[in-house]
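Pasted below: protein23.txt, compact mmCIF, N, CA and C atoms.
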# COMPACT_ATOMS: atom_id res chain seq x y z
N MET A 1 -101.49 -35.27 -5.65
CA MET A 1 -100.47 -35.55 -4.67
C MET A 1 -100.87 -36.81 -3.91
N GLY A 2 -100.02 -37.79 -3.98
CA GLY A 2 -100.31 -39.01 -3.27
C GLY A 2 -99.09 -39.46 -2.49
N ALA A 3 -99.28 -40.51 -1.74
CA ALA A 3 -98.17 -41.06 -0.96
C ALA A 3 -97.04 -41.45 -1.90
N GLY A 4 -95.83 -41.16 -1.49
CA GLY A 4 -94.66 -41.50 -2.29
C GLY A 4 -94.21 -40.40 -3.22
N ASN A 5 -95.00 -39.34 -3.37
CA ASN A 5 -94.64 -38.23 -4.24
C ASN A 5 -93.88 -37.17 -3.47
N VAL A 6 -92.90 -36.55 -4.14
CA VAL A 6 -92.12 -35.46 -3.56
C VAL A 6 -92.24 -34.26 -4.48
N TYR A 7 -92.61 -33.10 -3.93
CA TYR A 7 -92.73 -31.87 -4.70
C TYR A 7 -91.81 -30.81 -4.10
N LEU A 8 -91.14 -30.06 -4.97
CA LEU A 8 -90.26 -28.98 -4.55
C LEU A 8 -90.62 -27.75 -5.37
N PRO A 9 -91.09 -26.66 -4.72
CA PRO A 9 -91.42 -25.47 -5.50
C PRO A 9 -90.18 -24.69 -5.91
N LEU A 10 -90.16 -24.23 -7.15
CA LEU A 10 -89.15 -23.31 -7.65
C LEU A 10 -89.83 -21.95 -7.71
N VAL A 11 -89.35 -20.99 -6.94
CA VAL A 11 -89.99 -19.69 -6.87
C VAL A 11 -89.16 -18.66 -7.64
N PHE A 12 -89.83 -17.91 -8.51
CA PHE A 12 -89.20 -16.88 -9.32
C PHE A 12 -89.69 -15.52 -8.81
N THR A 13 -88.79 -14.59 -8.63
CA THR A 13 -89.13 -13.24 -8.18
C THR A 13 -88.65 -12.23 -9.22
N ASN A 14 -89.53 -11.29 -9.59
CA ASN A 14 -89.16 -10.24 -10.53
C ASN A 14 -88.33 -9.20 -9.79
N LYS A 15 -87.04 -9.17 -10.05
CA LYS A 15 -86.13 -8.23 -9.42
C LYS A 15 -85.97 -6.95 -10.23
N GLY A 16 -86.66 -6.86 -11.37
CA GLY A 16 -86.56 -5.70 -12.23
C GLY A 16 -87.47 -4.56 -11.79
N SER A 17 -87.46 -3.50 -12.58
CA SER A 17 -88.27 -2.32 -12.26
C SER A 17 -89.53 -2.22 -13.12
N THR A 18 -89.73 -3.19 -14.03
CA THR A 18 -90.93 -3.22 -14.86
C THR A 18 -91.58 -4.60 -14.78
N THR A 19 -92.84 -4.67 -15.14
CA THR A 19 -93.56 -5.94 -15.13
C THR A 19 -92.98 -6.88 -16.19
N CYS A 20 -92.87 -8.15 -15.84
CA CYS A 20 -92.44 -9.16 -16.81
C CYS A 20 -93.49 -10.27 -16.85
N THR A 21 -93.41 -11.13 -17.86
CA THR A 21 -94.36 -12.24 -17.98
C THR A 21 -93.60 -13.55 -18.11
N LEU A 22 -94.22 -14.60 -17.61
CA LEU A 22 -93.69 -15.96 -17.73
C LEU A 22 -94.80 -16.85 -18.26
N THR A 23 -94.48 -17.63 -19.28
CA THR A 23 -95.45 -18.54 -19.87
C THR A 23 -94.81 -19.90 -20.07
N GLY A 24 -95.49 -20.94 -19.66
CA GLY A 24 -95.00 -22.29 -19.91
C GLY A 24 -94.15 -22.86 -18.81
N TYR A 25 -93.13 -23.60 -19.22
CA TYR A 25 -92.33 -24.40 -18.30
C TYR A 25 -90.90 -23.89 -18.21
N PRO A 26 -90.32 -23.90 -17.03
CA PRO A 26 -88.88 -23.62 -16.94
C PRO A 26 -88.11 -24.87 -17.37
N GLY A 27 -86.88 -24.67 -17.81
CA GLY A 27 -85.97 -25.79 -18.06
C GLY A 27 -85.22 -26.09 -16.78
N VAL A 28 -85.17 -27.35 -16.39
CA VAL A 28 -84.57 -27.71 -15.10
C VAL A 28 -83.67 -28.93 -15.25
N SER A 29 -82.46 -28.83 -14.71
CA SER A 29 -81.55 -29.97 -14.67
C SER A 29 -80.80 -29.97 -13.35
N LEU A 30 -80.27 -31.12 -12.99
CA LEU A 30 -79.56 -31.28 -11.73
C LEU A 30 -78.06 -31.27 -11.97
N ARG A 31 -77.31 -30.72 -11.01
CA ARG A 31 -75.85 -30.63 -11.08
C ARG A 31 -75.23 -31.12 -9.78
N ASP A 32 -74.02 -31.70 -9.91
CA ASP A 32 -73.27 -32.09 -8.71
C ASP A 32 -72.40 -30.92 -8.25
N SER A 33 -71.58 -31.13 -7.24
CA SER A 33 -70.77 -30.05 -6.67
C SER A 33 -69.75 -29.49 -7.66
N ALA A 34 -69.36 -30.29 -8.67
CA ALA A 34 -68.40 -29.83 -9.69
C ALA A 34 -69.11 -29.18 -10.88
N GLY A 35 -70.45 -29.18 -10.87
CA GLY A 35 -71.21 -28.59 -11.97
C GLY A 35 -71.58 -29.56 -13.07
N ALA A 36 -71.22 -30.83 -12.91
CA ALA A 36 -71.56 -31.84 -13.92
C ALA A 36 -73.03 -32.23 -13.80
N GLY A 37 -73.65 -32.51 -14.96
CA GLY A 37 -75.05 -32.90 -14.98
C GLY A 37 -75.29 -34.25 -14.34
N ILE A 38 -76.48 -34.40 -13.75
CA ILE A 38 -76.90 -35.67 -13.14
C ILE A 38 -78.17 -36.10 -13.87
N GLY A 39 -78.05 -37.02 -14.79
CA GLY A 39 -79.20 -37.53 -15.52
C GLY A 39 -79.80 -36.52 -16.49
N ALA A 40 -80.91 -36.90 -17.07
CA ALA A 40 -81.61 -36.07 -18.05
C ALA A 40 -82.35 -34.92 -17.36
N PRO A 41 -82.60 -33.82 -18.08
CA PRO A 41 -83.39 -32.72 -17.52
C PRO A 41 -84.82 -33.16 -17.19
N ALA A 42 -85.49 -32.36 -16.40
CA ALA A 42 -86.89 -32.65 -16.05
C ALA A 42 -87.77 -32.61 -17.29
N THR A 43 -88.76 -33.49 -17.33
CA THR A 43 -89.75 -33.49 -18.39
C THR A 43 -90.95 -32.65 -17.96
N ARG A 44 -91.73 -32.20 -18.91
CA ARG A 44 -92.90 -31.37 -18.61
C ARG A 44 -94.05 -32.24 -18.10
N ARG A 45 -94.74 -31.70 -17.10
CA ARG A 45 -95.87 -32.42 -16.51
C ARG A 45 -97.09 -31.50 -16.48
N GLY A 46 -98.21 -32.01 -16.95
CA GLY A 46 -99.46 -31.28 -16.87
C GLY A 46 -99.63 -30.23 -17.96
N PRO A 47 -100.78 -29.56 -17.92
CA PRO A 47 -101.09 -28.58 -18.96
C PRO A 47 -100.34 -27.27 -18.76
N THR A 48 -100.14 -26.55 -19.88
CA THR A 48 -99.61 -25.19 -19.81
C THR A 48 -100.70 -24.30 -19.25
N ARG A 49 -100.32 -23.41 -18.36
CA ARG A 49 -101.29 -22.48 -17.78
C ARG A 49 -101.23 -21.14 -18.50
N SER A 50 -102.08 -20.22 -18.09
CA SER A 50 -102.09 -18.87 -18.65
C SER A 50 -100.79 -18.16 -18.33
N THR A 51 -100.49 -17.14 -19.11
CA THR A 51 -99.31 -16.31 -18.85
C THR A 51 -99.43 -15.67 -17.48
N VAL A 52 -98.31 -15.66 -16.75
CA VAL A 52 -98.25 -15.04 -15.42
C VAL A 52 -97.55 -13.70 -15.56
N SER A 53 -98.21 -12.63 -15.12
CA SER A 53 -97.60 -11.29 -15.12
C SER A 53 -97.04 -11.02 -13.74
N LEU A 54 -95.78 -10.60 -13.71
CA LEU A 54 -95.11 -10.32 -12.44
C LEU A 54 -94.73 -8.85 -12.36
N PRO A 55 -95.38 -8.09 -11.49
CA PRO A 55 -94.94 -6.71 -11.27
C PRO A 55 -93.60 -6.74 -10.54
N PRO A 56 -92.89 -5.64 -10.45
CA PRO A 56 -91.64 -5.64 -9.68
C PRO A 56 -91.88 -6.20 -8.27
N GLY A 57 -91.05 -7.16 -7.89
CA GLY A 57 -91.20 -7.82 -6.59
C GLY A 57 -92.20 -8.96 -6.59
N GLY A 58 -92.95 -9.15 -7.69
CA GLY A 58 -93.95 -10.21 -7.77
C GLY A 58 -93.30 -11.58 -7.88
N ARG A 59 -94.06 -12.61 -7.50
CA ARG A 59 -93.53 -13.97 -7.51
C ARG A 59 -94.43 -14.94 -8.27
N ALA A 60 -93.79 -15.93 -8.86
CA ALA A 60 -94.48 -17.03 -9.52
C ALA A 60 -93.67 -18.29 -9.21
N SER A 61 -94.27 -19.46 -9.46
CA SER A 61 -93.56 -20.69 -9.13
C SER A 61 -93.93 -21.82 -10.09
N ALA A 62 -93.09 -22.83 -10.07
CA ALA A 62 -93.31 -24.08 -10.79
C ALA A 62 -92.86 -25.19 -9.86
N ALA A 63 -93.55 -26.32 -9.87
CA ALA A 63 -93.20 -27.42 -8.97
C ALA A 63 -92.37 -28.48 -9.68
N LEU A 64 -91.34 -28.95 -8.98
CA LEU A 64 -90.60 -30.14 -9.42
C LEU A 64 -91.26 -31.34 -8.76
N HIS A 65 -91.28 -32.46 -9.47
CA HIS A 65 -91.91 -33.68 -8.95
C HIS A 65 -90.98 -34.87 -9.14
N THR A 66 -90.84 -35.67 -8.09
CA THR A 66 -90.15 -36.94 -8.15
C THR A 66 -90.84 -37.88 -7.16
N LEU A 67 -90.26 -39.04 -6.93
CA LEU A 67 -90.84 -40.02 -6.01
C LEU A 67 -89.91 -40.26 -4.83
N ASN A 68 -90.48 -40.73 -3.75
CA ASN A 68 -89.66 -41.14 -2.60
C ASN A 68 -88.85 -42.39 -2.96
N GLU A 69 -87.70 -42.50 -2.36
CA GLU A 69 -86.87 -43.69 -2.56
C GLU A 69 -87.64 -44.93 -2.15
N GLY A 70 -87.54 -45.98 -2.96
CA GLY A 70 -88.20 -47.26 -2.66
C GLY A 70 -89.62 -47.36 -3.17
N THR A 71 -90.15 -46.29 -3.77
CA THR A 71 -91.52 -46.33 -4.29
C THR A 71 -91.61 -47.27 -5.50
N THR A 72 -90.53 -47.32 -6.29
CA THR A 72 -90.44 -48.23 -7.43
C THR A 72 -89.10 -48.95 -7.36
N ASP A 73 -88.89 -49.88 -8.29
CA ASP A 73 -87.62 -50.60 -8.34
C ASP A 73 -86.52 -49.80 -9.04
N THR A 74 -86.87 -48.68 -9.66
CA THR A 74 -85.87 -47.85 -10.34
C THR A 74 -85.02 -47.14 -9.30
N PRO A 75 -83.70 -47.26 -9.38
CA PRO A 75 -82.84 -46.63 -8.37
C PRO A 75 -82.85 -45.10 -8.46
N CYS A 76 -82.43 -44.48 -7.38
CA CYS A 76 -82.31 -43.02 -7.32
C CYS A 76 -81.05 -42.57 -8.05
N ARG A 77 -81.07 -41.32 -8.53
CA ARG A 77 -79.88 -40.71 -9.10
C ARG A 77 -78.98 -40.23 -7.95
N ARG A 78 -77.76 -39.84 -8.30
CA ARG A 78 -76.88 -39.23 -7.30
C ARG A 78 -77.55 -37.98 -6.72
N THR A 79 -77.17 -37.62 -5.51
CA THR A 79 -77.72 -36.44 -4.86
C THR A 79 -77.20 -35.17 -5.54
N ALA A 80 -78.11 -34.23 -5.81
CA ALA A 80 -77.75 -32.97 -6.46
C ALA A 80 -77.31 -31.94 -5.42
N GLU A 81 -76.34 -31.13 -5.80
CA GLU A 81 -75.91 -29.99 -4.98
C GLU A 81 -76.56 -28.71 -5.48
N ARG A 82 -76.86 -28.67 -6.80
CA ARG A 82 -77.45 -27.49 -7.41
C ARG A 82 -78.51 -27.89 -8.43
N ILE A 83 -79.43 -26.98 -8.63
CA ILE A 83 -80.41 -27.12 -9.69
C ILE A 83 -80.16 -25.98 -10.67
N ARG A 84 -80.01 -26.31 -11.95
CA ARG A 84 -79.87 -25.29 -12.99
C ARG A 84 -81.26 -25.05 -13.55
N VAL A 85 -81.67 -23.77 -13.55
CA VAL A 85 -83.02 -23.41 -13.98
C VAL A 85 -82.95 -22.34 -15.07
N TYR A 86 -83.65 -22.60 -16.17
CA TYR A 86 -83.84 -21.62 -17.23
C TYR A 86 -85.29 -21.14 -17.12
N PRO A 87 -85.53 -19.87 -16.80
CA PRO A 87 -86.92 -19.39 -16.81
C PRO A 87 -87.52 -19.60 -18.20
N PRO A 88 -88.84 -19.71 -18.30
CA PRO A 88 -89.46 -19.88 -19.62
C PRO A 88 -89.00 -18.81 -20.60
N ASP A 89 -88.72 -19.22 -21.83
CA ASP A 89 -88.31 -18.32 -22.92
C ASP A 89 -87.01 -17.58 -22.63
N SER A 90 -86.14 -18.15 -21.83
CA SER A 90 -84.86 -17.51 -21.51
C SER A 90 -83.70 -18.44 -21.84
N PHE A 91 -82.58 -17.84 -22.22
CA PHE A 91 -81.37 -18.61 -22.47
C PHE A 91 -80.35 -18.40 -21.36
N ASP A 92 -80.73 -17.65 -20.33
CA ASP A 92 -79.85 -17.38 -19.20
C ASP A 92 -80.27 -18.26 -18.02
N ALA A 93 -79.37 -19.12 -17.59
CA ALA A 93 -79.67 -20.05 -16.50
C ALA A 93 -79.30 -19.46 -15.15
N MET A 94 -80.01 -19.90 -14.15
CA MET A 94 -79.70 -19.59 -12.75
C MET A 94 -79.32 -20.91 -12.08
N ASN A 95 -78.37 -20.89 -11.19
CA ASN A 95 -78.00 -22.08 -10.43
C ASN A 95 -78.41 -21.86 -8.99
N VAL A 96 -79.20 -22.79 -8.47
CA VAL A 96 -79.75 -22.69 -7.13
C VAL A 96 -79.19 -23.83 -6.29
N SER A 97 -78.64 -23.51 -5.13
CA SER A 97 -78.15 -24.55 -4.22
C SER A 97 -79.33 -25.29 -3.61
N VAL A 98 -79.17 -26.59 -3.46
CA VAL A 98 -80.21 -27.41 -2.82
C VAL A 98 -79.55 -28.31 -1.78
N ARG A 99 -80.33 -28.73 -0.83
CA ARG A 99 -79.84 -29.66 0.18
C ARG A 99 -80.38 -31.04 -0.10
N SER A 100 -79.54 -31.91 -0.54
CA SER A 100 -79.88 -33.33 -0.67
C SER A 100 -81.09 -33.61 -1.55
N PHE A 101 -81.26 -32.90 -2.65
CA PHE A 101 -82.36 -33.22 -3.56
C PHE A 101 -81.94 -34.38 -4.44
N ARG A 102 -82.78 -35.39 -4.50
CA ARG A 102 -82.47 -36.58 -5.27
C ARG A 102 -83.70 -37.02 -6.04
N VAL A 103 -83.48 -37.36 -7.29
CA VAL A 103 -84.54 -37.88 -8.14
C VAL A 103 -84.58 -39.39 -7.97
N CYS A 104 -85.77 -39.91 -7.69
CA CYS A 104 -85.94 -41.36 -7.49
C CYS A 104 -87.09 -41.88 -8.33
N GLY A 105 -87.08 -43.19 -8.54
CA GLY A 105 -88.17 -43.85 -9.23
C GLY A 105 -88.27 -43.56 -10.71
N GLY A 106 -87.23 -42.96 -11.28
CA GLY A 106 -87.26 -42.66 -12.72
C GLY A 106 -88.19 -41.50 -13.07
N VAL A 107 -88.62 -40.72 -12.07
CA VAL A 107 -89.54 -39.61 -12.31
C VAL A 107 -88.85 -38.29 -11.95
N PHE A 108 -88.73 -37.40 -12.94
CA PHE A 108 -88.21 -36.05 -12.71
C PHE A 108 -88.99 -35.14 -13.65
N GLU A 109 -89.97 -34.43 -13.10
CA GLU A 109 -90.89 -33.63 -13.89
C GLU A 109 -90.96 -32.20 -13.34
N VAL A 110 -91.32 -31.28 -14.23
CA VAL A 110 -91.55 -29.89 -13.84
C VAL A 110 -92.92 -29.48 -14.38
N GLU A 111 -93.66 -28.76 -13.53
CA GLU A 111 -94.98 -28.26 -13.93
C GLU A 111 -94.85 -26.85 -14.49
N ALA A 112 -95.88 -26.38 -15.16
CA ALA A 112 -95.90 -25.04 -15.76
C ALA A 112 -95.95 -23.97 -14.68
N MET A 113 -95.55 -22.75 -15.07
CA MET A 113 -95.55 -21.61 -14.16
C MET A 113 -96.97 -21.28 -13.71
N ARG A 114 -97.07 -20.83 -12.46
CA ARG A 114 -98.33 -20.35 -11.91
C ARG A 114 -98.06 -19.17 -10.99
N SER A 115 -99.07 -18.37 -10.74
CA SER A 115 -98.93 -17.24 -9.83
C SER A 115 -98.69 -17.73 -8.41
N GLY A 116 -97.95 -16.95 -7.63
CA GLY A 116 -97.73 -17.28 -6.22
C GLY A 116 -96.54 -18.18 -6.03
N THR A 117 -96.36 -18.61 -4.78
CA THR A 117 -95.15 -19.37 -4.41
C THR A 117 -95.43 -20.83 -4.09
N GLY A 118 -96.63 -21.32 -4.36
CA GLY A 118 -96.99 -22.68 -3.98
C GLY A 118 -96.45 -23.77 -4.87
N GLY A 119 -95.93 -23.43 -6.05
CA GLY A 119 -95.38 -24.44 -6.95
C GLY A 119 -96.38 -25.19 -7.70

Once you've parsed the file, please lay out its structure as C-alpha cells.
Amino acid sequence: MGAGNVYLPLVFTNKGSTTCTLTGYPGVSLRDSAGAGIGAPATRRGPTRSTVSLPPGGRASAALHTLNEGTTDTPCRRTAERIRVYPPDSFDAMNVSVRSFRVCGGVFEVEAMRSGTGG
C-alpha cells in the first residue's frame, strides 16, 4: 500500500446453514445506474491464497485496487453506481451499490479471497 493507491474491501458473508468454502478470486465488474458495464472487469492481483472455510455467519473478503485520480496520465472511468460480483466458482452474480467508486490510472484489480473482513 503506497500513496496514490485506493483499496475497497468486498466482504462475503455465509448466509447459509452449512459451512461453505471460497478459493481464488471473485469476478468483479463495474456498472452504471442503468446496469451497463463500465470498462473491462477487474484483473487478478497477487497470489492465490488457501481455501477459506466459512461457517454459517462467517466472513471472508477480497480487496479491489485502483489508483487515485491524477496519479498517472491515464484518465478515470465513469463513476460506478454498482459493482457486479461473482463469488469464486459461482455463476450467480450479486450487485452491490457503491458510492462514487471510480477506477483511475488504468488500474482495476482484485485480490484473492482471505479470511476476515480486511480485504

A:Thr23, A:Thr43, A:Ser61, A:Thr18 ranked by distance to Pro88 (chain A), top pick (using all atoms listed in the file):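 Closest residue, counting all atoms listed in the file: A:Thr23.
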
- prompt: Quick one: residues within 9 Å of Thr51 (chain A), only C-alpha atoms counted, chain neighbours fewer than 3 positions away excluded, as a count of residues only?
  reply: 7

message: Between atom N of Pro26 (chain A) and CA of Glu109 (chain A), what distance in Å does the model show, to one decimal?
response: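 These atoms are spaced 10.2 Å apart.
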
- request: Mind checking which residues fall within 8 Å of Gly70 (chain A), counting all atoms listed in the file, ignoring those fewer than 5 positions away in the same chain, and posting them as a PyMOL selection string?
  value: chain A and resi 4+75-76+104-105

Once you have the residues from the selection above, write them out as a short mmCIF file (atom, residue, chain, number, x, y, z; two decimals), in the frame of the given file, restricted to N, CA and C atoms.
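Contents of out-v1.cif, as written:
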data_model
loop_
_atom_site.label_atom_id
_atom_site.label_comp_id
_atom_site.auth_asym_id
_atom_site.auth_seq_id
_atom_site.Cartn_x
_atom_site.Cartn_y
_atom_site.Cartn_z
N GLY A 4 -95.83 -41.16 -1.49
CA GLY A 4 -94.66 -41.50 -2.29
C GLY A 4 -94.21 -40.40 -3.22
N PRO A 75 -83.70 -47.26 -9.38
CA PRO A 75 -82.84 -46.63 -8.37
C PRO A 75 -82.85 -45.10 -8.46
N CYS A 76 -82.43 -44.48 -7.38
CA CYS A 76 -82.31 -43.02 -7.32
C CYS A 76 -81.05 -42.57 -8.05
N CYS A 104 -85.77 -39.91 -7.69
CA CYS A 104 -85.94 -41.36 -7.49
C CYS A 104 -87.09 -41.88 -8.33
N GLY A 105 -87.08 -43.19 -8.54
CA GLY A 105 -88.17 -43.85 -9.23
C GLY A 105 -88.27 -43.56 -10.71
#

- prompt: For Ala34 (chain A), which residue out of A:Ala3, A:Cys20, A:Ala62, A:Ala80 is the nearest one, using only C-alpha atoms?
  reply: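 Of A:Ala3, A:Cys20, A:Ala62, A:Ala80, the one nearest Ala34 (chain A), counting only C-alpha atoms, is A:Ala80.
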
message: as a count of residues only, please: every residue in chain A that DSSP puts in strand (DSSP E or B).
response: 53

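Atom C of Asn68 (chain A) is found 27.7 Å from CA of Ala93 (chain A).
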
message: I'd like the neighbourhood of Val98 (chain A) as a list in words, where a residue qualifies if any of its atoms comes within 6.5 Å (using all atoms listed in the file), though same-chain residues fewer than 3 positions away should be ignored.
response: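 Here the answer would be Ala80, Glu81, Arg82, Ile83 and Phe101 of chain A.
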
field: Contacts of Pro9 (chain A) within 6 Å, all atoms listed in the file, excl. fewer than 5 positions in-chain, as a ChimeraX atom specification
entry: /A:62-64,118-119

field: Residues within 8 Å of Gly39 (chain A), all atoms listed in the file, excluding chain neighbours under 5 positions, as a list in words
entry: Ser29, Leu30, Arg31, Arg77 and Arg78 of chain A

- prompt: Given the choices A:Ala60, A:Pro87, A:Thr79, A:Gly116, which gets closest to Phe12 (chain A) if the distance is worked out from all atoms listed in the file?
  reply: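 The answer is A:Ala60, which sits nearest to Phe12 (chain A).
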